Amino acid sequence: MNKLEALLRYHEAELALDRLESRVKTSPERQKLNKLYGFLSEQQTQINGIRAQLELRNANVTKLASHFEELQKQYELELSEIAIMENDEQCTAAEMAESRRALEALLEQITAERRDLYDTLSWIENATNDYKETYARAGKAKKEYDELRAQCDDLLKAAQPEIDAAKAVVDSAKKDVDEELLKKYTFVKSHHAVPIAKVENNQCSGCNMSLPTAVVKRVSSGLELVECENCGRILYT
Ligand SMILES: [Zn+2]
């Protein structure tokens, strides 16, 4: 077995292993699992977003409610002051009017804040419902995900002996490959999924570039390592 034959044998073994592994990685179950994972992440982001908003609004409610209470106290105070002024003969009409205007402004503020408080509370109610629905949906998806995950693990377990056997073939074939050649192969593989290309019709089957006759001859001789000048793949016939 010459150097190139050993490399080809190793290459074939690698391809067989790749095929086995990609069969597991691209199974319908695995694809569905990946999709569900994306959905779950999305739901989690949504849940976190709603939760953060709820916390903010809840804090706001506490603030609004305590301010609202203050305004009401102030209103009652103004009311009782007006009652006193009404019985005070020294109080002028202008002072009275001023106090009434202040009371009206206060009342307007109270109405606006009550509306704010009401709006925030109803927002919280809606968001809480949203939160519950999203949470339930995510919980259902998580259950489905766990079941699917178990199925995928089973599939992998079932395929494992075959994968291990293919790995053993790769390892044993690798031992026969010349060290320099292996380095070269590994380097080309980092650029091309299939680093070896057959010469067909005087062309590199990797990139379809026409090869000079001299190059084809060198490849045919099998005596040396020849790379495609265009794509760098290792050529064989
Ligand atoms: Zn090429």
# chains A, B, ... in the order shown; residues from 1 in each chain; ligands from 1
>>> residues_near_ligand(ligand="ligand 1", cutoff="8 Å", atoms="only C-alpha atoms and all ligand atoms", output="VMD selection string")
chain A and resid 197 203 to 209 227 to 233
>>> residues_around(residues="range 46-60 of chain A", least_positions_apart="5", cutoff="12 Å", atoms="only C-alpha atoms", output="PyMOL selection string")
chain A and resi 39-41+65-68+113+116-139
>>> write_last_selection(atoms="C-alpha atoms", output="PDB file, in the first residue's frame")
ATOM      1  CA  PHE A  39     -38.945  28.416  20.987  1.00  0.00           C
ATOM      2  CA  LEU A  40     -38.196  27.825  24.668  1.00  0.00           C
ATOM      3  CA  SER A  41     -35.435  30.455  24.689  1.00  0.00           C
ATOM      4  CA  ALA A  65     -50.923  54.887  46.117  1.00  0.00           C
ATOM      5  CA  SER A  66     -48.932  56.589  48.854  1.00  0.00           C
ATOM      6  CA  HIS A  67     -48.851  59.868  46.918  1.00  0.00           C
ATOM      7  CA  PHE A  68     -52.573  59.567  46.307  1.00  0.00           C
ATOM      8  CA  GLU A 113     -53.591  60.352  39.782  1.00  0.00           C
ATOM      9  CA  ASP A 116     -53.012  56.765  36.550  1.00  0.00           C
ATOM     10  CA  LEU A 117     -53.372  54.327  39.384  1.00  0.00           C
ATOM     11  CA  TYR A 118     -56.342  52.674  37.736  1.00  0.00           C
ATOM     12  CA  ASP A 119     -54.522  52.372  34.380  1.00  0.00           C
ATOM     13  CA  THR A 120     -51.452  50.873  36.029  1.00  0.00           C
ATOM     14  CA  LEU A 121     -53.555  48.368  37.944  1.00  0.00           C
ATOM     15  CA  SER A 122     -55.372  47.255  34.818  1.00  0.00           C
ATOM     16  CA  TRP A 123     -52.043  47.001  32.958  1.00  0.00           C
ATOM     17  CA  ILE A 124     -50.772  44.782  35.760  1.00  0.00           C
ATOM     18  CA  GLU A 125     -53.869  42.613  35.541  1.00  0.00           C
ATOM     19  CA  ASN A 126     -53.408  42.101  31.783  1.00  0.00           C
ATOM     20  CA  ALA A 127     -49.689  41.490  32.077  1.00  0.00           C
ATOM     21  CA  THR A 128     -50.260  38.973  34.854  1.00  0.00           C
ATOM     22  CA  ASN A 129     -52.635  37.054  32.584  1.00  0.00           C
ATOM     23  CA  ASP A 130     -50.069  37.240  29.779  1.00  0.00           C
ATOM     24  CA  TYR A 131     -47.422  36.000  32.143  1.00  0.00           C
ATOM     25  CA  LYS A 132     -49.545  33.051  33.245  1.00  0.00           C
ATOM     26  CA  GLU A 133     -50.359  32.082  29.654  1.00  0.00           C
ATOM     27  CA  THR A 134     -46.749  32.347  28.494  1.00  0.00           C
ATOM     28  CA  TYR A 135     -45.602  30.413  31.528  1.00  0.00           C
ATOM     29  CA  ALA A 136     -48.110  27.623  30.865  1.00  0.00           C
ATOM     30  CA  ARG A 137     -47.141  27.506  27.179  1.00  0.00           C
ATOM     31  CA  ALA A 138     -43.454  27.343  28.036  1.00  0.00           C
ATOM     32  CA  GLY A 139     -44.130  24.634  30.618  1.00  0.00           C
TER      33      GLY A 139
END
>>> closest_residue(among="A:Leu148, A:Leu79, A:Ala214, A:Leu7", to="Leu106 in chain A", atoms="only C-alpha atoms")
A:Leu79
>>> residues_around(residues="range 184-188 of chain A", least_positions_apart="4", cutoff="8 Å", atoms="only C-alpha atoms", output="list in words")
Glu180, His192, Pro195, Ile196, Gly232, Arg233 and Ile234 of chain A
>>> residues_around(residues="range 80-84 of chain A", least_positions_apart="6", cutoff="8 Å", atoms="only C-alpha atoms", output="list of chain:residue names")
A:Met96, A:Ser99, A:Arg100
>>> residues_around(residues="Ala102 in chain A", least_positions_apart="5", cutoff="9 Å", atoms="only C-alpha atoms", output="list in words")
Glu78, Ala97 and Leu107 of chain A
>>> write_last_selection(atoms="N, CA and C atoms", output="tab-separated table (two decimals), in the first residue's frame")
chain	number	residue	atom	x	y	z
A	78	GLU	N	-57.40	71.28	53.26
A	78	GLU	CA	-57.83	72.50	52.56
A	78	GLU	C	-59.33	72.74	52.79
A	97	ALA	N	-61.42	83.13	47.25
A	97	ALA	CA	-61.35	82.67	45.87
A	97	ALA	C	-60.04	81.92	45.63
A	107	LEU	N	-58.05	68.91	43.44
A	107	LEU	CA	-59.04	67.90	43.03
A	107	LEU	C	-58.70	67.34	41.65
>>> closest_residue(among="A:Leu15, A:Ala173, A:Ile110, A:Cys152", to="Lys3 in chain A", atoms="only C-alpha atoms")
A:Ala173
>>> select_by_dssp(residues="range 23-209 of chain A", states="helix (DSSP H, G or I)", output="PyMOL selection string")
chain A and resi 23-25+28-87+93-175+179-189
>>> residues_around(residues="Ala159 in chain A", least_positions_apart="6", cutoff="12 Å", atoms="only C-alpha atoms", output="PyMOL selection string")
chain A and resi 17+19-25+27+152-153+165-166
>>> closest_residue(among="A:Asp146, A:Glu86, A:Glu76, A:Glu200", to="Asn34 in chain A", atoms="only C-alpha atoms")
A:Asp146
>>> atom_distance(atom1="CA of Pro161 in chain A", atom2="CA of Lys183 in chain A")
28.4 Å
